[in-house]
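J.: Have a look at this one.
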Amino acid sequence: MNKKKLLLMFALLAIVLFLVLRNQSEDQPKPVETQSVEGATEIAILSVNDMHASIDQFPKFAALVDSLRAVYPDLLLLSAGDNRTGNPINDQYDPVNYPIIELMNRTGFDMSAVGNHEFDSNIAGLQGDIKRAHFPFLCANVVVPVTVDLDVNPFVTIERQGVKMAVVGMLEVGHDGIPSAHPNNVAKVSFRRPGEVVPEYKYLRNQNDVVIMLSHCGYEDDMELAQSNPWLDVIIGGHTHTLVENPSETNGVLITQSGSHLKYATLVKLTVKDHKVVRKEAIVLDVNKVWKVNPEIQKLVSEFNDTPALNQPIATALTKFENQEELGSMIADAIREVSGADFAFQNPGGVRANHLKKGPITVKDVYSIDPFNNEVVVYQMTGEQLKKFILNSYRKNGGNPSFVSGMTYTVGDDGRNVWINMEGDNFSTKKTYKVAFNSFMASTVIIESVDEGRSTFMTSEEMLIEFLKRHKTIDYQCVARTK
């Protein structure tokens, strides 16, 4: 290629990027105009997090990636975890999670952190994702026994334009010693706390020009990790769905996070000279304002969405659902009716939507609201044990009451004492009741009961579908059973 043609090609590529960025809203941060550093190399990194199988965003996102690669041929594309769960097209696919992994492959992701939701299909499901992915999954604080088949890397090292880089993966760990996942799904592995593990990788600083932590720990925890580990150059974060609109440095460490559901992406540019990062810049890009789509990815997404069984209406909502409690109350009603329980509960984290439109309700809607495929279990509890269960679930939910069917209740908390006031027909602390809830609650909430509980061998989604088919029309507007 002669020099004139080469110059023309780069000019056209620059115009493409300009057109993409021109469509960012006026209140979006713009790249800082800086002079180039003589003898330095610029590394470009595009990152997203908590995509939750938002496959309909991929045609625009892939077009954005194409445009950036035209300007930055060595663009590094990263995900900070929770690629899956939240879209029934993806979560009910056979094999589960195939659509999002295939779209990530086609778009050219270089690596992904392991998020807590990567375990939603158990260890075997995550290993299946790893085998299908054309990129590695990173997590330095999971301990995998030699008897368990799980090919997770603690870190990877790569080289771009002569710059050596190390990327370390890190996953949040709760007070119970595991990530925010169903305990049964992570029973074969164990976890160490990020604050203990990160310093063990400081040796990578001496072997690389750039060290990045690909974190699924949450924004607040990332800032704490930056305070104690200033040898890191960048923390690319996820888990808390935080949109860091103006990424800045904490203790010299640049921290980013791009919201969730592929609405935004963050472009980081690192200037490296003499084996050291001398400048860090970041800009948040609005994916919805990209003006074109990648046609190949658009065709693939259309094929994934062509699933008639999921789009089948099963009932009609006479009014719209406006909040989580209305949706959670419907799920609890379904569990109570189909299981034959006296009372039923649904944890707030098990309701993955905030609203639902008036009109036809489809199977896809059901799996969008509750995507976890948790079996429903039934326990025999005395009224006193039930009160303790409600209190323990409130604490497990971080100070949020579980949604309920069969009663209303109020949780009182004066900062020192927490108590329950329950209202229901002929409720007595001495009577014994059948109480139903999903297996995640059964595994994570402290339970006192008359028996050891039994499985109904039906998931909460299956019960909700059965409930909707029975009733045909529903109306939960203004339903509020907890305070």
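Chain labels run A, B, ... following the order of the structure tokens; each chain numbers its residues from 1, and ligands are numbered from 1 in the order shown.
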I'd like to know which residues of region 66-232 of chain A are helix (DSSP H, G or I) (by DSSP, run on the backbone); could you write them as a PyMOL selection string?
T.: chain A and resi 66-71+88-91+98-107+116-119+122-132+183-186+194-201+204-207+219-228
J.: Quick one: everything within 12 Å of Pro145 (chain A), counting only C-alpha atoms, minus sequence neighbours fewer than 4 positions away in the same chain. Send it as a VMD selection string.
T.: chain A and resid 149 to 152 187 to 191
J.: Could you write those residues out with N, CA, C and O atoms, as a short mmCIF file (atom, residue, chain, number, x, y, z; two decimals), in the first residue's frame?
T.:
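Saved the output as out-v5.cif:
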```cif
data_model
loop_
_atom_site.label_atom_id
_atom_site.label_comp_id
_atom_site.auth_asym_id
_atom_site.auth_seq_id
_atom_site.Cartn_x
_atom_site.Cartn_y
_atom_site.Cartn_z
N ASP A 149 -13.10 -29.89 37.86
CA ASP A 149 -12.79 -29.44 36.50
C ASP A 149 -13.26 -28.00 36.33
O ASP A 149 -14.43 -27.75 36.01
N LEU A 150 -12.37 -27.04 36.55
CA LEU A 150 -12.70 -25.63 36.39
C LEU A 150 -11.43 -24.87 36.01
O LEU A 150 -10.57 -24.62 36.84
N ASP A 151 -11.32 -24.53 34.74
CA ASP A 151 -10.11 -23.92 34.19
C ASP A 151 -10.14 -22.39 34.29
O ASP A 151 -10.20 -21.68 33.27
N VAL A 152 -10.13 -21.89 35.52
CA VAL A 152 -10.09 -20.45 35.76
C VAL A 152 -8.65 -20.03 35.99
O VAL A 152 -7.91 -20.69 36.72
N ALA A 187 -20.35 -25.16 46.07
CA ALA A 187 -19.97 -26.05 47.17
C ALA A 187 -18.66 -26.78 46.91
O ALA A 187 -17.98 -27.18 47.86
N LYS A 188 -18.28 -26.96 45.65
CA LYS A 188 -17.08 -27.74 45.32
C LYS A 188 -15.80 -26.91 45.34
O LYS A 188 -14.70 -27.45 45.21
N VAL A 189 -15.94 -25.58 45.48
CA VAL A 189 -14.76 -24.71 45.51
C VAL A 189 -14.85 -23.84 46.76
O VAL A 189 -15.87 -23.78 47.42
N SER A 190 -13.77 -23.15 47.06
CA SER A 190 -13.77 -22.22 48.18
C SER A 190 -13.17 -20.89 47.73
O SER A 190 -12.62 -20.79 46.63
N PHE A 191 -13.29 -19.89 48.60
CA PHE A 191 -12.88 -18.54 48.21
C PHE A 191 -12.08 -17.88 49.33
O PHE A 191 -12.33 -18.11 50.51
#
```
J.: Tell me, in Å to one decimal, how far CA of Met381 (chain A) is from CA of Val445 (chain A).
T.: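 Distance reported for this atom pair: 14.2 Å.
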J.: Within 9 Å of region 387-399 of chain A, counting only C-alpha atoms, which residues qualify if same-chain residues fewer than 3 places away don't, as number ranges by chain?
T.: A: 345, 347-349, 382-384, 402, 411, 418-422, 429, 441, 444-448
J.: Between A:Val186, A:Ile130, A:Val272, A:Leu254, which residue has the minimum interatomic distance to Glu38 (chain A), considering only C-alpha atoms?
T.: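 Comparing A:Val186, A:Ile130, A:Val272, A:Leu254 against Glu38 (chain A), the winner is A:Val272.
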J.: When distances are computed from only C-alpha atoms, which of A:Phe321, A:Tyr98, A:Tyr93, A:Tyr476 shows the smallest separation from Ile369 (chain A)?
T.: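 So, comparing all the options, the nearest one is A:Phe321.
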J.: Enumerate, as number ranges by chain, the complete set of residues in region 44-265 of chain A that a backbone-based DSSP assignment places in strand (DSSP E).
T.: A: 44-48, 76-79, 111-113, 137-138, 142-143, 155-160, 163-171, 190-191, 210-216, 234-236, 248-250, 253-256, 264-265
J.: Output C-alpha atoms of each residue in that selection to a file, as an mmCIF file, in the first residue's frame.
T.:
```
data_model
loop_
_atom_site.group_PDB
_atom_site.id
_atom_site.type_symbol
_atom_site.label_atom_id
_atom_site.label_comp_id
_atom_site.auth_asym_id
_atom_site.auth_seq_id
_atom_site.Cartn_x
_atom_site.Cartn_y
_atom_site.Cartn_z
ATOM 1 C CA ALA A 44 -6.429 1.538 24.589
ATOM 2 C CA ILE A 45 -8.784 -0.602 26.702
ATOM 3 C CA LEU A 46 -12.567 -0.859 26.296
ATOM 4 C CA SER A 47 -14.400 -2.402 29.239
ATOM 5 C CA VAL A 48 -17.936 -3.360 30.255
ATOM 6 C CA LEU A 76 -8.011 -4.587 24.535
ATOM 7 C CA LEU A 77 -11.651 -5.634 25.189
ATOM 8 C CA LEU A 78 -12.507 -6.690 28.750
ATOM 9 C CA SER A 79 -15.551 -7.740 30.791
ATOM 10 C CA MET A 111 -10.833 -11.825 28.726
ATOM 11 C CA SER A 112 -13.512 -11.765 31.424
ATOM 12 C CA ALA A 113 -13.548 -11.722 35.198
ATOM 13 C CA PHE A 137 -11.920 -16.288 32.610
ATOM 14 C CA LEU A 138 -9.971 -14.768 35.501
ATOM 15 C CA VAL A 142 -11.161 -18.920 44.037
ATOM 16 C CA VAL A 143 -9.544 -22.106 45.331
ATOM 17 C CA PHE A 155 -4.197 -13.747 35.921
ATOM 18 C CA VAL A 156 -2.931 -13.485 32.355
ATOM 19 C CA THR A 157 -0.018 -11.601 30.848
ATOM 20 C CA ILE A 158 -0.167 -10.136 27.370
ATOM 21 C CA GLU A 159 1.931 -7.846 25.211
ATOM 22 C CA ARG A 160 0.620 -5.072 22.984
ATOM 23 C CA VAL A 163 4.106 -3.118 26.307
ATOM 24 C CA LYS A 164 3.919 -5.971 28.806
ATOM 25 C CA MET A 165 0.666 -6.112 30.776
ATOM 26 C CA ALA A 166 -0.714 -8.304 33.571
ATOM 27 C CA VAL A 167 -4.447 -8.569 34.290
ATOM 28 C CA VAL A 168 -5.542 -10.115 37.615
ATOM 29 C CA GLY A 169 -9.124 -11.279 38.238
ATOM 30 C CA MET A 170 -10.878 -10.789 41.584
ATOM 31 C CA LEU A 171 -14.362 -11.752 42.863
ATOM 32 C CA SER A 190 -13.769 -22.219 48.181
ATOM 33 C CA PHE A 191 -12.884 -18.542 48.212
ATOM 34 C CA VAL A 210 1.078 -2.235 33.249
ATOM 35 C CA VAL A 211 -0.866 -4.073 35.975
ATOM 36 C CA ILE A 212 -4.686 -4.118 35.821
ATOM 37 C CA MET A 213 -7.144 -5.663 38.259
ATOM 38 C CA LEU A 214 -10.300 -6.935 36.562
ATOM 39 C CA SER A 215 -12.584 -6.813 39.572
ATOM 40 C CA HIS A 216 -16.047 -8.080 40.370
ATOM 41 C CA VAL A 234 -6.073 0.466 36.918
ATOM 42 C CA ILE A 235 -9.021 -1.315 38.557
ATOM 43 C CA ILE A 236 -11.738 -2.132 36.034
ATOM 44 C CA SER A 248 -10.645 9.239 38.600
ATOM 45 C CA GLU A 249 -7.676 7.994 40.567
ATOM 46 C CA THR A 250 -7.740 6.765 44.160
ATOM 47 C CA VAL A 253 -5.064 3.901 40.897
ATOM 48 C CA LEU A 254 -7.586 4.684 38.137
ATOM 49 C CA ILE A 255 -10.967 3.076 38.976
ATOM 50 C CA THR A 256 -13.742 2.525 36.440
ATOM 51 C CA TYR A 264 -22.325 2.074 28.673
ATOM 52 C CA ALA A 265 -18.702 1.148 28.056
#
```
J.: Figure out the distance between CA of Glu118 (chain A) and CA of Glu452 (chain A), please, to one decimal in Å.
T.: 29.5 Å
J.: I'd like the neighbourhood of Thr459 (chain A) as a ChimeraX atom specification, where a residue qualifies if any of its atoms comes within 7 Å (using only C-alpha atoms), though same-chain residues fewer than 4 positions away should be ignored.
T.: /A:373-376,463
J.: Leaving out Lys320 (chain A) and any residue of its chain fewer than 4 positions from it, which residues lie within 12 Å of it when counting only C-alpha atoms, given as a list in words?
T.: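 Residues near the query, excluding close chain neighbours: Thr316, Gln324, Glu326, Leu327, Asn354, His355, Leu356, Lys357, Lys358, Gly359, Pro360, Ile361, Ile474, Asp475, Tyr476, Gln477, Cys478 and Val479 of chain A.
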J.: Would you mind telling me which residue in A:Ser67, A:Gln127, A:Thr307, A:Ser228 lies nearest to Asn90 (chain A) when using only C-alpha atoms?
T.: A:Thr307
